[in-house]
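Source file: work_0.cif. Holds: mmCIF, C-alpha atoms; chains and numbers go by the auth columns.
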data_target
#
loop_
_atom_site.group_PDB
_atom_site.id
_atom_site.type_symbol
_atom_site.label_atom_id
_atom_site.label_comp_id
_atom_site.label_asym_id
_atom_site.label_seq_id
_atom_site.Cartn_x
_atom_site.Cartn_y
_atom_site.Cartn_z
_atom_site.B_iso_or_equiv
_atom_site.auth_seq_id
_atom_site.auth_asym_id
ATOM 1 C CA MET A 1 -264.981 104.215 80.021 0.00 35 U
ATOM 2 C CA TRP A 2 -264.162 100.700 81.105 0.00 36 U
ATOM 3 C CA ALA A 3 -264.023 99.345 84.632 0.00 37 U
ATOM 4 C CA VAL A 4 -260.518 98.350 85.707 0.00 38 U
ATOM 5 C CA GLU A 5 -260.482 95.211 87.819 0.00 39 U
ATOM 6 C CA LEU A 6 -257.861 93.307 89.764 0.00 40 U
ATOM 7 C CA LYS A 7 -256.889 90.172 87.830 0.00 41 U
ATOM 8 C CA GLU A 8 -256.787 88.071 91.002 0.00 42 U
ATOM 9 C CA THR A 9 -260.223 88.910 92.399 0.00 43 U
ATOM 10 C CA GLY A 10 -262.164 90.810 89.750 0.00 44 U
ATOM 11 C CA ALA A 11 -262.699 93.658 92.225 0.00 45 U
ATOM 12 C CA ALA A 12 -263.290 97.024 90.541 0.00 46 U
ATOM 13 C CA ILE A 13 -260.481 99.457 91.381 0.00 47 U
ATOM 14 C CA GLY A 14 -261.008 102.283 88.881 0.00 48 U
ATOM 15 C CA ILE A 15 -261.972 103.353 85.386 0.00 49 U
ATOM 16 C CA CYS A 16 -260.099 104.124 82.180 0.00 50 U
ATOM 17 C CA GLY A 17 -261.149 104.910 78.635 0.00 51 U
ATOM 18 C CA PHE A 18 -262.218 107.537 76.163 0.00 52 U
ATOM 19 C CA VAL A 19 -264.852 110.236 76.201 0.00 53 U
ATOM 20 C CA LYS A 20 -265.815 112.666 73.472 0.00 54 U
ATOM 21 C CA ARG A 21 -266.622 116.084 74.890 0.00 55 U
ATOM 22 C CA ASP A 22 -268.595 118.571 72.807 0.00 56 U
ATOM 23 C CA SER A 23 -266.095 121.299 73.666 0.00 57 U
ATOM 24 C CA LEU A 24 -262.994 119.375 72.455 0.00 58 U
ATOM 25 C CA PRO A 25 -262.308 118.413 68.831 0.00 59 U
ATOM 26 C CA ASP A 26 -261.046 114.875 69.546 0.00 60 U
ATOM 27 C CA ALA A 27 -261.663 112.022 71.960 0.00 61 U
ATOM 28 C CA ASN A 28 -259.875 112.301 75.253 0.00 62 U
ATOM 29 C CA ILE A 29 -258.509 109.602 77.507 0.00 63 U
ATOM 30 C CA GLY A 30 -259.293 109.610 81.180 0.00 64 U
ATOM 31 C CA PHE A 31 -258.579 107.448 84.192 0.00 65 U
ATOM 32 C CA ALA A 32 -259.418 107.463 87.876 0.00 66 U
ATOM 33 C CA PHE A 33 -258.657 104.967 90.632 0.00 67 U
ATOM 34 C CA LEU A 34 -259.685 104.380 94.202 0.00 68 U
ATOM 35 C CA PRO A 35 -257.101 106.044 96.455 0.00 69 U
ATOM 36 C CA ARG A 36 -255.659 102.794 97.810 0.00 70 U
ATOM 37 C CA PHE A 37 -254.831 101.665 94.248 0.00 71 U
ATOM 38 C CA GLU A 38 -253.118 104.863 93.121 0.00 72 U
ATOM 39 C CA GLY A 39 -249.369 104.807 92.486 0.00 73 U
ATOM 40 C CA ARG A 40 -249.252 101.074 91.827 0.00 74 U
ATOM 41 C CA GLY A 41 -249.043 101.093 88.022 0.00 75 U
ATOM 42 C CA PHE A 42 -252.685 100.296 87.324 0.00 76 U
ATOM 43 C CA ALA A 43 -253.337 103.612 85.558 0.00 77 U
ATOM 44 C CA LEU A 44 -250.377 103.143 83.237 0.00 78 U
ATOM 45 C CA GLU A 45 -251.261 99.533 82.482 0.00 79 U
ATOM 46 C CA SER A 46 -254.892 100.339 81.708 0.00 80 U
ATOM 47 C CA ALA A 47 -254.053 103.500 79.728 0.00 81 U
ATOM 48 C CA VAL A 48 -251.531 101.577 77.581 0.00 82 U
ATOM 49 C CA GLY A 49 -254.273 99.048 76.824 0.00 83 U
ATOM 50 C CA ALA A 50 -256.835 101.761 76.093 0.00 84 U
ATOM 51 C CA MET A 51 -254.456 103.565 73.727 0.00 85 U
ATOM 52 C CA LYS A 52 -253.652 100.306 71.914 0.00 86 U
ATOM 53 C CA TYR A 53 -257.386 99.689 71.468 0.00 87 U
ATOM 54 C CA GLY A 54 -257.964 103.302 70.428 0.00 88 U
ATOM 55 C CA ARG A 55 -255.256 103.196 67.772 0.00 89 U
ATOM 56 C CA GLY A 56 -256.008 99.691 66.489 0.00 90 U
ATOM 57 C CA LYS A 57 -259.770 99.259 66.755 0.00 91 U
ATOM 58 C CA LEU A 58 -261.083 102.832 66.865 0.00 92 U
ATOM 59 C CA ASN A 59 -258.480 104.160 64.406 0.00 93 U
ATOM 60 C CA LEU A 60 -257.845 107.246 66.545 0.00 94 U
ATOM 61 C CA LYS A 61 -255.246 109.538 65.015 0.00 95 U
ATOM 62 C CA ARG A 62 -255.291 112.162 67.779 0.00 96 U
ATOM 63 C CA VAL A 63 -256.209 111.801 71.450 0.00 97 U
ATOM 64 C CA LEU A 64 -256.459 114.572 74.036 0.00 98 U
ATOM 65 C CA ALA A 65 -256.148 114.505 77.813 0.00 99 U
ATOM 66 C CA ILE A 66 -256.871 117.093 80.476 0.00 100 U
ATOM 67 C CA THR A 67 -255.548 117.396 84.015 0.00 101 U
ATOM 68 C CA SER A 68 -255.746 119.929 86.778 0.00 102 U
ATOM 69 C CA PRO A 69 -252.625 122.133 86.876 0.00 103 U
ATOM 70 C CA ASP A 70 -251.341 120.512 90.077 0.00 104 U
ATOM 71 C CA ASN A 71 -251.817 116.876 88.975 0.00 105 U
ATOM 72 C CA GLU A 72 -248.179 116.101 88.217 0.00 106 U
ATOM 73 C CA LYS A 73 -248.640 112.302 88.483 0.00 107 U
ATOM 74 C CA SER A 74 -251.156 112.211 85.654 0.00 108 U
ATOM 75 C CA GLY A 75 -248.976 114.539 83.594 0.00 109 U
ATOM 76 C CA ARG A 76 -246.002 112.176 83.981 0.00 110 U
ATOM 77 C CA LEU A 77 -248.169 109.187 83.070 0.00 111 U
ATOM 78 C CA LEU A 78 -249.393 110.988 79.949 0.00 112 U
ATOM 79 C CA GLY A 79 -245.762 111.690 79.028 0.00 113 U
ATOM 80 C CA LYS A 80 -244.998 107.954 79.251 0.00 114 U
ATOM 81 C CA LEU A 81 -247.834 107.378 76.778 0.00 115 U
ATOM 82 C CA GLY A 82 -246.371 109.879 74.317 0.00 116 U
ATOM 83 C CA PHE A 83 -248.658 112.821 75.113 0.00 117 U
ATOM 84 C CA LYS A 84 -247.256 116.343 74.920 0.00 118 U
ATOM 85 C CA PHE A 85 -248.421 119.366 76.892 0.00 119 U
ATOM 86 C CA GLU A 86 -250.269 121.616 74.465 0.00 120 U
ATOM 87 C CA ARG A 87 -251.667 124.556 76.429 0.00 121 U
ATOM 88 C CA LEU A 88 -253.705 125.763 79.384 0.00 122 U
ATOM 89 C CA MET A 89 -257.439 125.911 78.703 0.00 123 U
ATOM 90 C CA THR A 90 -260.856 126.374 80.268 0.00 124 U
ATOM 91 C CA PHE A 91 -264.166 124.858 79.254 0.00 125 U
ATOM 92 C CA PRO A 92 -266.805 127.396 78.185 0.00 126 U
ATOM 93 C CA ASP A 93 -269.047 126.667 81.185 0.00 127 U
ATOM 94 C CA ASP A 94 -266.281 126.485 83.814 0.00 128 U
ATOM 95 C CA ALA A 95 -263.702 128.953 85.127 0.00 129 U
ATOM 96 C CA GLU A 96 -261.207 126.291 86.242 0.00 130 U
ATOM 97 C CA GLU A 97 -257.985 126.346 84.242 0.00 131 U
ATOM 98 C CA LEU A 98 -256.806 122.927 83.034 0.00 132 U
ATOM 99 C CA LYS A 99 -253.762 121.511 81.273 0.00 133 U
ATOM 100 C CA LEU A 100 -254.466 120.119 77.795 0.00 134 U
ATOM 101 C CA PHE A 101 -252.237 117.341 76.447 0.00 135 U
ATOM 102 C CA SER A 102 -252.336 115.743 73.006 0.00 136 U
ATOM 103 C CA TRP A 103 -251.105 112.555 71.350 0.00 137 U
ATOM 104 C CA ASN A 104 -250.808 112.324 67.581 0.00 138 U
ATOM 105 C CA ALA A 105 -250.280 109.217 65.482 0.00 139 U
ATOM 106 C CA ASN A 106 -247.191 109.506 63.303 0.00 140 U
#
In structure tokens, write the structure found in this file.
Amino acid sequence: MWAVELKETGAAIGICGFVKRDSLPDANIGFAFLPRFEGRGFALESAVGAMKYGRGKLNLKRVLAITSPDNEKSGRLLGKLGFKFERLMTFPDDAEELKLFSWNAN
């Protein structure tokens, strides 16, 4: 994950990047922002940059993303990045159901 900072001040406002979970077959993108910076386009801007880096420098051919079922904003953002809803899932050590999205290079 990378820190996301405001260009004007350098203040940290969130994080964005990739993680590789043992329970998922491919890297997944994640992002989180301080509440006062949500809904202002920072997640999309940073996720676009992360995906460009992932495709170009890391040579990622498939990227996953997970959201809680009620997180419609993140789902819409993932759609803008070309992710498609794949299925509902749970991690082996957790009972919470999550939405799994995937992006494939083609």
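Compared by their closest atoms to Asp127 in chain U, and using all atoms listed in the file, the residues U:Asp56, U:Met35, U:Lys86, U:Ala46 rank with U:Asp56 nearest.
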* To do: Might you pull out every residue within 10 Å of range 136-139 of chain U, with all atoms listed in the file counted and same-chain residues fewer than 6 positions away left off, and present them as a PyMOL selection string?
  => chain U and resi 60+62-63+85+89+93-100+112-113+115-121
* To do: Please identify all polymer residues within 12 Å of Glu39 in chain U, counting all atoms listed in the file, omitting same-chain residues fewer than 6 positions from it, and present them as a list in words.
  => Ala45, Ala46, Ile47, Gly48, Ile49, Cys50, Phe67, Leu68, Phe71, Phe76, Ala77, Glu79 and Ser80 of chain U
* Give as a ChimeraX atom specification each residue that has an atom at most 10 Å from (-255.1, 122.7, 87.3) in the file, counting all atoms listed in the file. => /U:100-106,122-124,130-134
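For the pair CA of Glu42 in chain U and CA of Gly88 in chain U, the interatomic distance is 25.6 Å.
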Keeping just C-alpha atoms, export chain U of this structure as a CSV table (one decimal), in the first residue's frame.
chain,number,residue,atom,x,y,z
U,35,MET,CA,0.0,0.0,0.0
U,36,TRP,CA,1.1,3.5,-0.7
U,37,ALA,CA,0.2,6.7,1.3
U,38,VAL,CA,-2.0,9.1,-0.7
U,39,GLU,CA,-1.1,12.7,0.0
U,40,LEU,CA,-2.6,16.0,-1.0
U,41,LYS,CA,-0.5,17.6,-3.8
U,42,GLU,CA,-0.7,21.0,-2.2
U,43,THR,CA,0.4,20.2,1.3
U,44,GLY,CA,1.7,16.7,1.4
U,45,ALA,CA,-0.7,15.8,4.1
U,46,ALA,CA,-1.6,12.0,4.2
U,47,ILE,CA,-5.3,11.5,3.4
U,48,GLY,CA,-5.5,7.7,2.8
U,49,ILE,CA,-3.9,4.6,1.3
U,50,CYS,CA,-4.1,2.7,-1.9
U,51,GLY,CA,-2.3,-0.2,-3.4
U,52,PHE,CA,-2.0,-3.9,-3.7
U,53,VAL,CA,-1.9,-6.8,-1.2
U,54,LYS,CA,-1.5,-10.5,-1.8
U,55,ARG,CA,-3.7,-12.5,0.6
U,56,ASP,CA,-2.9,-16.2,1.1
U,57,SER,CA,-6.6,-17.0,0.7
U,58,LEU,CA,-6.9,-15.3,-2.8
U,59,PRO,CA,-5.2,-16.5,-6.0
U,60,ASP,CA,-4.2,-13.0,-7.2
U,61,ALA,CA,-3.2,-9.6,-5.8
U,62,ASN,CA,-6.0,-7.4,-4.8
U,63,ILE,CA,-6.3,-3.7,-4.9
U,64,GLY,CA,-7.5,-1.8,-1.8
U,65,PHE,CA,-8.1,1.8,-0.8
U,66,ALA,CA,-9.2,3.7,2.3
U,67,PHE,CA,-9.5,7.4,3.0
U,68,LEU,CA,-10.1,9.6,6.0
U,69,PRO,CA,-13.8,10.4,6.1
U,70,ARG,CA,-13.4,14.1,5.2
U,71,PHE,CA,-11.6,13.1,2.0
U,72,GLU,CA,-14.2,10.5,0.8
U,73,GLY,CA,-16.3,11.3,-2.2
U,74,ARG,CA,-13.9,13.8,-3.7
U,75,GLY,CA,-12.3,11.7,-6.4
U,76,PHE,CA,-9.1,10.8,-4.5
U,77,ALA,CA,-9.8,7.1,-4.5
U,78,LEU,CA,-10.4,7.0,-8.2
U,79,GLU,CA,-7.3,9.0,-9.0
U,80,SER,CA,-5.1,6.9,-6.8
U,81,ALA,CA,-6.6,3.6,-7.9
U,82,VAL,CA,-6.2,4.6,-11.6
U,83,GLY,CA,-2.5,5.2,-10.9
U,84,ALA,CA,-2.1,2.0,-8.9
U,85,MET,CA,-3.7,0.0,-11.7
U,86,LYS,CA,-1.4,1.6,-14.3
U,87,TYR,CA,1.6,0.7,-12.2
U,88,GLY,CA,0.3,-2.8,-11.6
U,89,ARG,CA,-0.2,-3.4,-15.3
U,90,GLY,CA,3.0,-1.7,-16.5
U,91,LYS,CA,5.6,-2.3,-13.8
U,92,LEU,CA,4.3,-5.4,-12.0
U,93,ASN,CA,2.9,-7.1,-15.1
U,94,LEU,CA,-0.4,-8.0,-13.3
U,95,LYS,CA,-2.8,-9.8,-15.6
U,96,ARG,CA,-5.6,-10.3,-13.1
U,97,VAL,CA,-6.4,-8.1,-10.0
U,98,LEU,CA,-9.1,-8.8,-7.4
U,99,ALA,CA,-11.0,-6.5,-5.1
U,100,ILE,CA,-13.3,-7.2,-2.2
U,101,THR,CA,-15.9,-5.0,-0.6
U,102,SER,CA,-18.6,-5.4,2.0
U,103,PRO,CA,-22.0,-6.1,0.5
U,104,ASP,CA,-23.3,-2.6,1.4
U,105,ASN,CA,-20.3,-0.6,0.1
U,106,GLU,CA,-21.9,0.6,-3.2
U,107,LYS,CA,-19.5,3.5,-3.6
U,108,SER,CA,-16.5,1.2,-3.8
U,109,GLY,CA,-18.3,-1.1,-6.1
U,110,ARG,CA,-19.1,1.8,-8.5
U,111,LEU,CA,-15.4,2.9,-8.4
U,112,LEU,CA,-14.3,-0.6,-9.2
U,113,GLY,CA,-16.7,-0.6,-12.2
U,114,LYS,CA,-15.0,2.6,-13.5
U,115,LEU,CA,-11.7,0.8,-13.3
U,116,GLY,CA,-13.0,-2.1,-15.4
U,117,PHE,CA,-13.7,-4.6,-12.5
U,118,LYS,CA,-16.6,-7.0,-12.8
U,119,PHE,CA,-18.5,-8.5,-9.9
U,120,GLU,CA,-17.6,-12.1,-9.7
U,121,ARG,CA,-19.3,-13.7,-6.7
U,122,LEU,CA,-20.0,-13.5,-3.0
U,123,MET,CA,-17.4,-15.1,-0.8
U,124,THR,CA,-16.1,-15.5,2.7
U,125,PHE,CA,-12.6,-15.9,4.0
U,126,PRO,CA,-11.8,-19.3,5.7
U,127,ASP,CA,-11.3,-17.6,9.1
U,128,ASP,CA,-14.2,-15.2,8.9
U,129,ALA,CA,-18.0,-15.5,8.6
U,130,GLU,CA,-18.5,-12.1,7.0
U,131,GLU,CA,-19.8,-12.4,3.4
U,132,LEU,CA,-18.0,-10.1,1.0
U,133,LYS,CA,-18.3,-9.2,-2.7
U,134,LEU,CA,-15.4,-10.3,-4.9
U,135,PHE,CA,-14.6,-8.3,-8.0
U,136,SER,CA,-12.0,-9.1,-10.7
U,137,TRP,CA,-10.2,-7.3,-13.4
U,138,ASN,CA,-8.5,-9.2,-16.3
U,139,ALA,CA,-6.0,-7.9,-18.8
U,140,ASN,CA,-7.3,-8.4,-22.4
